[in-house]
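upload_11.pdb (PDB, C-alpha atoms) appears below.
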ATOM      1  CA  GLY A 200      14.311 -18.663 -17.146  1.00  0.00           C
ATOM      2  CA  GLY A 201      11.181 -16.734 -17.994  1.00  0.00           C
ATOM      3  CA  ARG A 202      10.473 -15.486 -21.503  1.00  0.00           C
ATOM      4  CA  ARG A 203      10.105 -11.730 -21.902  1.00  0.00           C
ATOM      5  CA  ILE A 204       6.683 -10.937 -23.331  1.00  0.00           C
ATOM      6  CA  LEU A 205       6.637  -7.134 -23.462  1.00  0.00           C
ATOM      7  CA  THR A 206       8.996  -4.208 -23.109  1.00  0.00           C
ATOM      8  CA  LEU A 207       7.274  -0.932 -22.254  1.00  0.00           C
ATOM      9  CA  ASN A 208       8.928   2.482 -22.323  1.00  0.00           C
ATOM     10  CA  ALA A 209       7.456   4.736 -19.660  1.00  0.00           C
ATOM     11  CA  ASN A 210       9.580   7.806 -20.477  1.00  0.00           C
ATOM     12  CA  HIS A 211       9.665   8.608 -16.765  1.00  0.00           C
ATOM     13  CA  HIS A 212      11.249   7.284 -13.575  1.00  0.00           C
ATOM     14  CA  ILE A 213       9.452   4.178 -12.221  1.00  0.00           C
ATOM     15  CA  ASN A 214       9.184   3.529  -8.503  1.00  0.00           C
ATOM     16  CA  ALA A 215       5.948   1.509  -8.267  1.00  0.00           C
ATOM     17  CA  VAL A 216       4.059  -0.858 -10.562  1.00  0.00           C
ATOM     18  CA  SER A 217       0.733  -2.676 -10.286  1.00  0.00           C
ATOM     19  CA  PHE A 218      -1.356  -4.990 -12.463  1.00  0.00           C
ATOM     20  CA  SER A 219      -5.113  -4.624 -12.695  1.00  0.00           C
ATOM     21  CA  PRO A 220      -6.954  -7.523 -11.031  1.00  0.00           C
ATOM     22  CA  ASP A 221      -7.700  -9.131 -14.407  1.00  0.00           C
ATOM     23  CA  GLY A 222      -4.137  -8.647 -15.637  1.00  0.00           C
ATOM     24  CA  THR A 223      -5.129  -6.696 -18.748  1.00  0.00           C
ATOM     25  CA  ARG A 224      -3.571  -3.395 -17.630  1.00  0.00           C
ATOM     26  CA  LEU A 225      -0.317  -2.364 -15.979  1.00  0.00           C
ATOM     27  CA  VAL A 226       0.331   0.956 -14.264  1.00  0.00           C
ATOM     28  CA  ALA A 227       3.801   2.353 -13.539  1.00  0.00           C
ATOM     29  CA  ALA A 228       4.494   5.434 -11.460  1.00  0.00           C
ATOM     30  CA  GLY A 229       7.410   7.474 -10.169  1.00  0.00           C
ATOM     31  CA  PHE A 230       7.899  10.977 -11.535  1.00  0.00           C
ATOM     32  CA  GLY A 231       5.007  10.356 -13.921  1.00  0.00           C
ATOM     33  CA  ILE A 232       2.209   7.798 -14.252  1.00  0.00           C
ATOM     34  CA  SER A 233       1.601   5.533 -17.258  1.00  0.00           C
ATOM     35  CA  LEU A 234      -1.067   2.923 -17.947  1.00  0.00           C
ATOM     36  CA  TRP A 235      -0.723   0.194 -20.583  1.00  0.00           C
ATOM     37  CA  ASN A 236      -2.823  -2.505 -22.150  1.00  0.00           C
ATOM     38  CA  THR A 237      -0.850  -5.706 -21.495  1.00  0.00           C
ATOM     39  CA  LYS A 238      -2.411  -7.557 -24.431  1.00  0.00           C
ATOM     40  CA  ASN A 239      -1.126  -5.260 -27.168  1.00  0.00           C
ATOM     41  CA  ALA A 240       1.402  -3.027 -25.321  1.00  0.00           C
ATOM     42  CA  ASN A 241      -0.592   0.090 -26.228  1.00  0.00           C
ATOM     43  CA  GLN A 242      -0.293   2.985 -23.815  1.00  0.00           C
ATOM     44  CA  ILE A 243      -3.762   3.918 -22.588  1.00  0.00           C
ATOM     45  CA  TRP A 244      -2.737   7.196 -20.980  1.00  0.00           C
ATOM     46  CA  ILE A 245       0.232   8.978 -19.448  1.00  0.00           C
ATOM     47  CA  ILE A 246       0.581  11.787 -16.921  1.00  0.00           C
ATOM     48  CA  PRO A 247       4.153  13.057 -17.373  1.00  0.00           C
ATOM     49  CA  ASP A 248       6.260  14.919 -14.833  1.00  0.00           C
ATOM     50  CA  THR A 249       4.163  14.335 -11.727  1.00  0.00           C
ATOM     51  CA  PRO A 250       5.486  14.828  -8.195  1.00  0.00           C
ATOM     52  CA  TYR A 251       7.076  11.699  -6.766  1.00  0.00           C
ATOM     53  CA  VAL A 252       4.731   8.692  -6.488  1.00  0.00           C
ATOM     54  CA  GLY A 253       5.850   6.131  -3.901  1.00  0.00           C
ATOM     55  CA  SER A 254       3.086   3.529  -4.200  1.00  0.00           C
ATOM     56  CA  ILE A 255       0.172   2.822  -6.508  1.00  0.00           C
ATOM     57  CA  THR A 256      -2.425   0.057  -6.630  1.00  0.00           C
ATOM     58  CA  PHE A 257      -5.657  -0.904  -8.377  1.00  0.00           C
ATOM     59  CA  SER A 258      -8.970  -1.281  -6.599  1.00  0.00           C
ATOM     60  CA  PRO A 259     -10.404  -4.825  -6.608  1.00  0.00           C
ATOM     61  CA  ASP A 260     -12.833  -3.927  -9.414  1.00  0.00           C
ATOM     62  CA  GLY A 261     -10.037  -2.352 -11.478  1.00  0.00           C
ATOM     63  CA  ASN A 262     -11.836   0.982 -11.866  1.00  0.00           C
ATOM     64  CA  THR A 263      -9.761   3.080  -9.460  1.00  0.00           C
ATOM     65  CA  LEU A 264      -6.095   3.670  -8.753  1.00  0.00           C
ATOM     66  CA  ALA A 265      -4.886   4.702  -5.296  1.00  0.00           C
ATOM     67  CA  MET A 266      -1.495   6.396  -5.016  1.00  0.00           C
ATOM     68  CA  THR A 267       0.758   8.056  -2.460  1.00  0.00           C
ATOM     69  CA  GLY A 268       3.648  10.462  -2.812  1.00  0.00           C
ATOM     70  CA  GLN A 269       5.764  12.690  -0.602  1.00  0.00           C
ATOM     71  CA  ASP A 270       2.899  14.855   0.628  1.00  0.00           C
ATOM     72  CA  ASN A 271       0.435  14.196   3.449  1.00  0.00           C
ATOM     73  CA  ARG A 272      -2.317  12.581   1.405  1.00  0.00           C
ATOM     74  CA  ALA A 273      -3.327   9.781  -0.921  1.00  0.00           C
ATOM     75  CA  CYS A 274      -5.159  10.285  -4.189  1.00  0.00           C
ATOM     76  CA  LEU A 275      -7.722   8.174  -6.007  1.00  0.00           C
ATOM     77  CA  LEU A 276      -7.619   8.271  -9.801  1.00  0.00           C
ATOM     78  CA  ASP A 277     -10.117   7.118 -12.402  1.00  0.00           C
ATOM     79  CA  ALA A 278      -8.269   4.172 -13.949  1.00  0.00           C
ATOM     80  CA  ALA A 279      -9.886   4.794 -17.334  1.00  0.00           C
ATOM     81  CA  THR A 280      -8.664   8.375 -17.677  1.00  0.00           C
ATOM     82  CA  GLY A 281      -6.120   9.125 -14.926  1.00  0.00           C
ATOM     83  CA  THR A 282      -8.197  12.017 -13.586  1.00  0.00           C
ATOM     84  CA  VAL A 283      -8.321  12.574  -9.827  1.00  0.00           C
ATOM     85  CA  ARG A 284     -11.524  11.349  -8.183  1.00  0.00           C
ATOM     86  CA  LEU A 285     -10.756  11.977  -4.513  1.00  0.00           C
ATOM     87  CA  ARG A 286      -7.983  13.238  -2.269  1.00  0.00           C
ATOM     88  CA  LEU A 287      -7.644  11.527   1.090  1.00  0.00           C
ATOM     89  CA  GLU A 288      -6.480  14.326   3.378  1.00  0.00           C
ATOM     90  CA  GLY A 289      -5.907  14.192   7.113  1.00  0.00           C
ATOM     91  CA  HIS A 290      -2.447  12.777   7.773  1.00  0.00           C
ATOM     92  CA  GLU A 291       0.015  15.236   9.297  1.00  0.00           C
ATOM     93  CA  LYS A 292       3.126  13.842   7.592  1.00  0.00           C
ATOM     94  CA  PRO A 293       3.945  12.033   4.306  1.00  0.00           C
ATOM     95  CA  VAL A 294       1.994   8.911   3.379  1.00  0.00           C
ATOM     96  CA  HIS A 295       4.071   5.863   2.411  1.00  0.00           C
ATOM     97  CA  ASP A 296       1.567   3.211   1.438  1.00  0.00           C
ATOM     98  CA  VAL A 297      -2.053   2.617   0.481  1.00  0.00           C
ATOM     99  CA  ALA A 298      -4.179  -0.536   0.244  1.00  0.00           C
ATOM    100  CA  PHE A 299      -7.755  -1.404  -0.695  1.00  0.00           C
ATOM    101  CA  SER A 300      -9.864  -3.795   1.350  1.00  0.00           C
ATOM    102  CA  PRO A 301     -10.784  -6.960  -0.601  1.00  0.00           C
ATOM    103  CA  ASP A 302     -14.338  -5.712  -1.211  1.00  0.00           C
ATOM    104  CA  GLY A 303     -13.061  -2.293  -2.314  1.00  0.00           C
ATOM    105  CA  THR A 304     -15.158  -0.337   0.195  1.00  0.00           C
ATOM    106  CA  LYS A 305     -12.283   0.747   2.448  1.00  0.00           C
ATOM    107  CA  ILE A 306      -8.789   2.106   1.997  1.00  0.00           C
ATOM    108  CA  ALA A 307      -5.912   2.013   4.475  1.00  0.00           C
ATOM    109  CA  THR A 308      -2.966   4.417   4.488  1.00  0.00           C
ATOM    110  CA  ALA A 309       0.368   4.356   6.350  1.00  0.00           C
ATOM    111  CA  SER A 310       2.090   7.587   7.334  1.00  0.00           C
ATOM    112  CA  ASP A 311       5.144   9.133   8.961  1.00  0.00           C
ATOM    113  CA  ASP A 312       2.765  10.667  11.518  1.00  0.00           C
ATOM    114  CA  GLU A 313       2.830   7.227  13.253  1.00  0.00           C
ATOM    115  CA  THR A 314      -0.796   6.469  12.379  1.00  0.00           C
ATOM    116  CA  VAL A 315      -2.788   4.250  10.078  1.00  0.00           C
ATOM    117  CA  ARG A 316      -6.022   5.653   8.688  1.00  0.00           C
ATOM    118  CA  LEU A 317      -9.052   3.834   7.364  1.00  0.00           C
ATOM    119  CA  TRP A 318     -11.092   5.656   4.729  1.00  0.00           C
ATOM    120  CA  ASP A 319     -14.414   5.220   2.981  1.00  0.00           C
ATOM    121  CA  ALA A 320     -13.383   4.469  -0.612  1.00  0.00           C
ATOM    122  CA  SER A 321     -16.483   6.067  -2.132  1.00  0.00           C
ATOM    123  CA  THR A 322     -16.526   9.337  -0.147  1.00  0.00           C
ATOM    124  CA  GLY A 323     -12.932   9.778   1.013  1.00  0.00           C
ATOM    125  CA  GLN A 324     -14.088  10.299   4.589  1.00  0.00           C
ATOM    126  CA  THR A 325     -11.901   9.095   7.464  1.00  0.00           C
ATOM    127  CA  LEU A 326     -13.487   6.095   9.191  1.00  0.00           C
ATOM    128  CA  ARG A 327     -10.867   5.439  11.869  1.00  0.00           C
ATOM    129  CA  ILE A 328      -7.436   6.620  12.979  1.00  0.00           C
ATOM    130  CA  LEU A 329      -5.348   3.732  14.300  1.00  0.00           C
ATOM    131  CA  ARG A 330      -2.779   4.888  16.860  1.00  0.00           C
ATOM    132  CA  GLY A 331      -0.129   2.877  18.659  1.00  0.00           C
ATOM    133  CA  HIS A 332       3.016   2.786  16.543  1.00  0.00           C
ATOM    134  CA  GLN A 333       5.991   4.710  17.932  1.00  0.00           C
ATOM    135  CA  GLY A 334       7.564   5.517  14.587  1.00  0.00           C
ATOM    136  CA  ASP A 335       6.869   6.042  10.889  1.00  0.00           C
ATOM    137  CA  VAL A 336       4.383   3.505   9.499  1.00  0.00           C
ATOM    138  CA  ARG A 337       5.651   2.074   6.229  1.00  0.00           C
ATOM    139  CA  GLN A 338       3.161  -0.486   4.918  1.00  0.00           C
ATOM    140  CA  VAL A 339      -0.419  -1.691   5.329  1.00  0.00           C
ATOM    141  CA  ARG A 340      -2.108  -4.894   4.126  1.00  0.00           C
ATOM    142  CA  PHE A 341      -5.630  -6.259   4.602  1.00  0.00           C
ATOM    143  CA  SER A 342      -6.396  -9.886   5.411  1.00  0.00           C
ATOM    144  CA  PRO A 343      -8.166 -11.905   2.662  1.00  0.00           C
ATOM    145  CA  GLN A 344     -11.479 -11.474   4.491  1.00  0.00           C
ATOM    146  CA  GLY A 345     -10.917  -7.744   5.027  1.00  0.00           C
ATOM    147  CA  ASP A 346     -11.636  -7.912   8.757  1.00  0.00           C
ATOM    148  CA  VAL A 347      -7.999  -7.539   9.825  1.00  0.00           C
ATOM    149  CA  LEU A 348      -5.333  -5.004   8.857  1.00  0.00           C
ATOM    150  CA  VAL A 349      -1.575  -5.404   9.292  1.00  0.00           C
ATOM    151  CA  SER A 350       0.816  -2.450   9.549  1.00  0.00           C
ATOM    152  CA  SER A 351       4.617  -2.281   9.683  1.00  0.00           C
ATOM    153  CA  SER A 352       6.654   0.513  11.223  1.00  0.00           C
ATOM    154  CA  ILE A 353      10.218   1.632  11.828  1.00  0.00           C
ATOM    155  CA  ASP A 354       9.457   1.091  15.526  1.00  0.00           C
ATOM    156  CA  THR A 355      10.355  -2.554  14.689  1.00  0.00           C
ATOM    157  CA  THR A 356       6.865  -3.930  15.244  1.00  0.00           C
ATOM    158  CA  LEU A 357       4.005  -5.267  13.207  1.00  0.00           C
ATOM    159  CA  ARG A 358       0.548  -4.405  14.493  1.00  0.00           C
ATOM    160  CA  ILE A 359      -2.539  -6.426  13.673  1.00  0.00           C
ATOM    161  CA  TRP A 360      -5.737  -4.396  13.913  1.00  0.00           C
ATOM    162  CA  SER A 361      -9.451  -5.131  13.937  1.00  0.00           C
ATOM    163  CA  VAL A 362     -10.955  -3.188  11.036  1.00  0.00           C
ATOM    164  CA  ALA A 363     -14.363  -3.130  12.726  1.00  0.00           C
ATOM    165  CA  SER A 364     -13.225  -1.719  16.080  1.00  0.00           C
ATOM    166  CA  GLY A 365      -9.885  -0.119  15.264  1.00  0.00           C
ATOM    167  CA  ARG A 366      -8.327  -1.902  18.230  1.00  0.00           C
ATOM    168  CA  VAL A 367      -4.997  -3.710  18.232  1.00  0.00           C
ATOM    169  CA  ILE A 368      -5.411  -7.469  18.179  1.00  0.00           C
ATOM    170  CA  ARG A 369      -1.717  -8.301  18.416  1.00  0.00           C
ATOM    171  CA  VAL A 370       1.713  -6.661  18.388  1.00  0.00           C
ATOM    172  CA  ILE A 371       4.555  -8.653  16.830  1.00  0.00           C
ATOM    173  CA  PRO A 372       8.070  -7.465  17.771  1.00  0.00           C
ATOM    174  CA  LEU A 373      10.789  -7.726  15.145  1.00  0.00           C
ATOM    175  CA  LEU A 374      14.430  -8.411  15.938  1.00  0.00           C
ATOM    176  CA  GLU A 375      16.349  -5.851  13.917  1.00  0.00           C
ATOM    177  CA  SER A 376      19.509  -3.823  14.369  1.00  0.00           C
ATOM    178  CA  PHE A 377      19.263  -0.445  16.040  1.00  0.00           C
ATOM    179  CA  GLU A 378      21.157   1.175  13.171  1.00  0.00           C
ATOM    180  CA  CYS A 379      18.666   0.081  10.504  1.00  0.00           C
ATOM    181  CA  PRO A 380      15.251  -0.304  12.121  1.00  0.00           C
ATOM    182  CA  GLY A 381      12.026  -0.978  10.323  1.00  0.00           C
ATOM    183  CA  ALA A 382      10.002  -3.612   8.549  1.00  0.00           C
ATOM    184  CA  ASN A 383      10.227  -2.733   4.879  1.00  0.00           C
ATOM    185  CA  GLN A 384       7.944  -5.278   3.252  1.00  0.00           C
ATOM    186  CA  ILE A 385       4.899  -7.220   4.394  1.00  0.00           C
ATOM    187  CA  ALA A 386       2.570  -9.541   2.515  1.00  0.00           C
ATOM    188  CA  VAL A 387      -0.579 -11.458   3.413  1.00  0.00           C
ATOM    189  CA  SER A 388      -1.423 -14.648   1.524  1.00  0.00           C
ATOM    190  CA  SER A 389      -4.871 -15.785   0.437  1.00  0.00           C
ATOM    191  CA  ASN A 390      -4.747 -18.569   3.037  1.00  0.00           C
ATOM    192  CA  GLY A 391      -3.923 -16.246   5.920  1.00  0.00           C
ATOM    193  CA  MET A 392      -0.137 -16.280   6.216  1.00  0.00           C
ATOM    194  CA  LEU A 393       1.743 -13.071   7.072  1.00  0.00           C
ATOM    195  CA  ALA A 394       5.287 -12.569   5.778  1.00  0.00           C
ATOM    196  CA  CYS A 395       7.697  -9.790   6.694  1.00  0.00           C
ATOM    197  CA  GLY A 396      11.210  -8.916   5.582  1.00  0.00           C
ATOM    198  CA  GLY A 397      13.347  -6.072   6.897  1.00  0.00           C
ATOM    199  CA  TRP A 398      16.852  -4.806   7.470  1.00  0.00           C
ATOM    200  CA  ASP A 399      17.774  -7.839   9.580  1.00  0.00           C
ATOM    201  CA  LYS A 400      17.945  -9.853   6.306  1.00  0.00           C
ATOM    202  CA  VAL A 401      15.462 -12.424   7.616  1.00  0.00           C
ATOM    203  CA  LEU A 402      12.091 -13.331   6.118  1.00  0.00           C
ATOM    204  CA  ARG A 403       9.636 -14.383   8.832  1.00  0.00           C
ATOM    205  CA  ILE A 404       6.191 -15.942   8.388  1.00  0.00           C
ATOM    206  CA  TRP A 405       3.298 -16.117  10.839  1.00  0.00           C
ATOM    207  CA  ASP A 406      -0.201 -17.520  10.978  1.00  0.00           C
ATOM    208  CA  LEU A 407      -2.227 -14.309  10.836  1.00  0.00           C
ATOM    209  CA  ALA A 408      -5.114 -15.706  12.860  1.00  0.00           C
ATOM    210  CA  THR A 409      -3.016 -16.932  15.792  1.00  0.00           C
ATOM    211  CA  GLY A 410       0.193 -14.901  15.581  1.00  0.00           C
ATOM    212  CA  GLN A 411       2.173 -18.136  15.710  1.00  0.00           C
ATOM    213  CA  GLU A 412       5.456 -17.960  13.815  1.00  0.00           C
ATOM    214  CA  LEU A 413       5.786 -20.767  11.269  1.00  0.00           C
TER     215      LEU A 413
END

Structure re-expressed in structure tokens:
Amino acid sequence: GGRRILTLNANHHINAVSFSPDGTRLVAAGFGISLWNTKNANQIWIIPDTPYVGSITFSPDGNTLAMTGQDNRACLLDAATGTVRLRLEGHEKPVHDVAFSPDGTKIATASDDETVRLWDASTGQTLRILRGHQGDVRQVRFSPQGDVLVSSSIDTTLRIWSVASGRVIRVIPLLESFECPGANQIAVSSNGMLACGGWDKVLRIWDLATGQEL
């Protein structure tokens, strides 16, 4: 088994965690947000008693944190201080997930309003609204090159989008029970594989470029 290196006390509920790209910092969020130095276990800052945070992630350069909660927006925080830099507003229902493009210039968000939005990471302006899902959108992930975006929805499909045009490249249907629909987790590997696991208890893997199931 693995050897425990650190134990960190957040003093708040934890629902999401993320390492900085260089691994030197760890952020935890739930009903509060805490940032630690992973080398010495020192807490860098804490924001106690925040509204619920459902997802949080570092930008590729490690300078910004993007987070979502139960409201209709995502927020960008200065990773050094925890202060809010930008609010990404435009969704009509709660936002579940947020992801940075590999070069850090774009942000994608997934919402209960059945859309995916692409944002300019520096200005917070909406670049594109991606429509097509017929249910809440739960997760978004960029391809390693940043030219393709994958979204999962409770409509039991994955959609693969062109970031440049906003058009759907491919729709992948998922075989899941009617009682518990929805792809809960997706991941894209550095060599272009797409993995998805949902309520059907099956983990499926595709070639992202071709859509061929492996």

Original post:
Expanded to explicit residues, what is the PyMOL selection byres ((chain A and resi 254-261) around 6) for this file, as a VMD selection string?
Top reply: chain A and resid 215 217 219 252 to 253 262 to 267 296 303

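Residue neighbourhood of Asn271 of chain A, excluding near-sequence residues (fewer than 6 positions): Arg286, Leu287, Glu288, Gly289, His290, Glu291, Lys292, Pro293, Val294, His295, Asp296, Thr308, Ala309, Ser310, Asp311, Asp312, Thr314 and Arg316 of chain A, at 12 Å, using all atoms listed in the file.
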
**OP:** Select, from A:Leu275, A:Ser233, A:Gly334, A:Thr282, the residue with the minimum atom-to-atom distance to Ala320 of chain A, counting only C-alpha atoms.
**Re:**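 Looking at the shortest contact to Ala320 of chain A, the residue is A:Leu275.
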
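The coordinates place atom CA of Asp399 of chain A at 13.6 Å from atom CA of Asp354 of chain A.
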
**OP:** Run the PyMOL selection byres ((chain A and resi 251) around 8) against the file shown and list the residues it catches, as a PyMOL selection string.
**Re:** chain A and resi 229-231+249-250+252-253+268-269

Subject >> Long-range neighbours of Ser352 of chain A as a ChimeraX atom specification, 12 Å cut-off, only C-alpha atoms, 5 positions minimum in chain >> reply: /A:295-296,309-315,330-339,357-359,370-373,375,380-385,395-397

**OP:** Report the distance between atom CA of Trp244 of chain A and atom CA of Ala209 of chain A in Å, rounded to one decimal place.
**Re:** 10.6 Å

**OP:** Any chance you could resolve the PyMOL selection byres ((chain A and resi 387) around 9) against this file and give the residues as a ChimeraX atom specification?
**Re:** /A:340-343,349,385-386,388-394,407

**OP:** Could you jot down the atom CA of Ala227 of chain A to atom CA of Gly281 of chain A separation for me, Å, one decimal place?
**Re:** 12.1 Å

When you look at segment 365-369 of chain A with a cut-off of 8 Å (counting all atoms listed in the file), what residues show up, excluding the ones that are within fewer than 4 positions of it in the same chain? I need them as a PDB file with C-alpha atoms, in the frame of the given file.
ATOM      1  CA  ARG A 327     -10.867   5.439  11.869  1.00  0.00           C
ATOM      2  CA  ILE A 328      -7.436   6.620  12.979  1.00  0.00           C
ATOM      3  CA  LEU A 329      -5.348   3.732  14.300  1.00  0.00           C
ATOM      4  CA  ARG A 358       0.548  -4.405  14.493  1.00  0.00           C
ATOM      5  CA  ILE A 359      -2.539  -6.426  13.673  1.00  0.00           C
ATOM      6  CA  TRP A 360      -5.737  -4.396  13.913  1.00  0.00           C
ATOM      7  CA  SER A 361      -9.451  -5.131  13.937  1.00  0.00           C
ATOM      8  CA  GLY A 410       0.193 -14.901  15.581  1.00  0.00           C
TER       9      GLY A 410
END

Original post:
Looking at only C-alpha atoms, which of A:Leu285, A:Leu402, A:Ile213, A:Ile353 is the one that sits closest to Ile306 of chain A?
Top reply: A:Leu285

**OP:** Would you please work out which residue, of A:Val297, A:Ala240, A:Leu276, A:Ala363, is nearest to Asp346 of chain A when using only C-alpha atoms?
**Re:** A:Ala363

Subject >> Nearest to Arg284 of chain A, chosen from A:Ser321, A:Asn214, A:Ser351, A:Thr304, with only C-alpha atoms counted in the distances >> reply: A:Ser321

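Omitting Thr223 of chain A and its sequence neighbours fewer than 6 positions away, and counting only C-alpha atoms, the residues within 7 Å are Asn236, Thr237 and Lys238 of chain A.
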
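Of the listed residues A:Leu413, A:Val226, A:Leu348, A:Cys274, the one whose atoms come nearest to Leu317 of chain A is A:Leu348, with distances taken using all atoms listed in the file.
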
Missing atoms in segment 296-310 of chain A need filling: write out N, CA and C atoms for it as a PDB file, in the frame of the given file.
ATOM      1  N   ASP A 296       2.178   4.372   2.069  1.00  0.00           N
ATOM      2  CA  ASP A 296       1.567   3.211   1.438  1.00  0.00           C
ATOM      3  C   ASP A 296       0.054   3.332   1.490  1.00  0.00           C
ATOM      4  N   VAL A 297      -0.594   2.615   0.564  1.00  0.00           N
ATOM      5  CA  VAL A 297      -2.053   2.617   0.481  1.00  0.00           C
ATOM      6  C   VAL A 297      -2.511   1.236   0.046  1.00  0.00           C
ATOM      7  N   ALA A 298      -3.649   0.787   0.587  1.00  0.00           N
ATOM      8  CA  ALA A 298      -4.179  -0.536   0.244  1.00  0.00           C
ATOM      9  C   ALA A 298      -5.693  -0.496   0.264  1.00  0.00           C
ATOM     10  N   PHE A 299      -6.308  -1.228  -0.664  1.00  0.00           N
ATOM     11  CA  PHE A 299      -7.755  -1.404  -0.695  1.00  0.00           C
ATOM     12  C   PHE A 299      -8.143  -2.644   0.106  1.00  0.00           C
ATOM     13  N   SER A 300      -9.296  -2.589   0.768  1.00  0.00           N
ATOM     14  CA  SER A 300      -9.864  -3.795   1.350  1.00  0.00           C
ATOM     15  C   SER A 300     -10.311  -4.709   0.220  1.00  0.00           C
ATOM     16  N   PRO A 301     -10.425  -6.026   0.470  1.00  0.00           N
ATOM     17  CA  PRO A 301     -10.784  -6.960  -0.601  1.00  0.00           C
ATOM     18  C   PRO A 301     -12.098  -6.642  -1.294  1.00  0.00           C
ATOM     19  N   ASP A 302     -13.062  -6.058  -0.569  1.00  0.00           N
ATOM     20  CA  ASP A 302     -14.338  -5.712  -1.211  1.00  0.00           C
ATOM     21  C   ASP A 302     -14.330  -4.320  -1.827  1.00  0.00           C
ATOM     22  N   GLY A 303     -13.203  -3.600  -1.689  1.00  0.00           N
ATOM     23  CA  GLY A 303     -13.061  -2.293  -2.314  1.00  0.00           C
ATOM     24  C   GLY A 303     -13.765  -1.151  -1.616  1.00  0.00           C
ATOM     25  N   THR A 304     -14.392  -1.390  -0.472  1.00  0.00           N
ATOM     26  CA  THR A 304     -15.158  -0.337   0.195  1.00  0.00           C
ATOM     27  C   THR A 304     -14.309   0.524   1.122  1.00  0.00           C
ATOM     28  N   LYS A 305     -13.146   0.022   1.512  1.00  0.00           N
ATOM     29  CA  LYS A 305     -12.283   0.747   2.448  1.00  0.00           C
ATOM     30  C   LYS A 305     -10.877   0.856   1.885  1.00  0.00           C
ATOM     31  N   ILE A 306     -10.183   1.885   2.363  1.00  0.00           N
ATOM     32  CA  ILE A 306      -8.789   2.106   1.997  1.00  0.00           C
ATOM     33  C   ILE A 306      -8.000   2.323   3.280  1.00  0.00           C
ATOM     34  N   ALA A 307      -6.811   1.774   3.349  1.00  0.00           N
ATOM     35  CA  ALA A 307      -5.912   2.013   4.475  1.00  0.00           C
ATOM     36  C   ALA A 307      -4.683   2.757   3.983  1.00  0.00           C
ATOM     37  N   THR A 308      -4.182   3.681   4.812  1.00  0.00           N
ATOM     38  CA  THR A 308      -2.966   4.417   4.488  1.00  0.00           C
ATOM     39  C   THR A 308      -1.996   4.367   5.669  1.00  0.00           C
ATOM     40  N   ALA A 309      -0.701   4.391   5.355  1.00  0.00           N
ATOM     41  CA  ALA A 309       0.368   4.356   6.350  1.00  0.00           C
ATOM     42  C   ALA A 309       1.186   5.623   6.240  1.00  0.00           C
ATOM     43  N   SER A 310       1.477   6.262   7.382  1.00  0.00           N
ATOM     44  CA  SER A 310       2.090   7.587   7.334  1.00  0.00           C
ATOM     45  C   SER A 310       3.236   7.749   8.338  1.00  0.00           C
TER      46      SER A 310
END
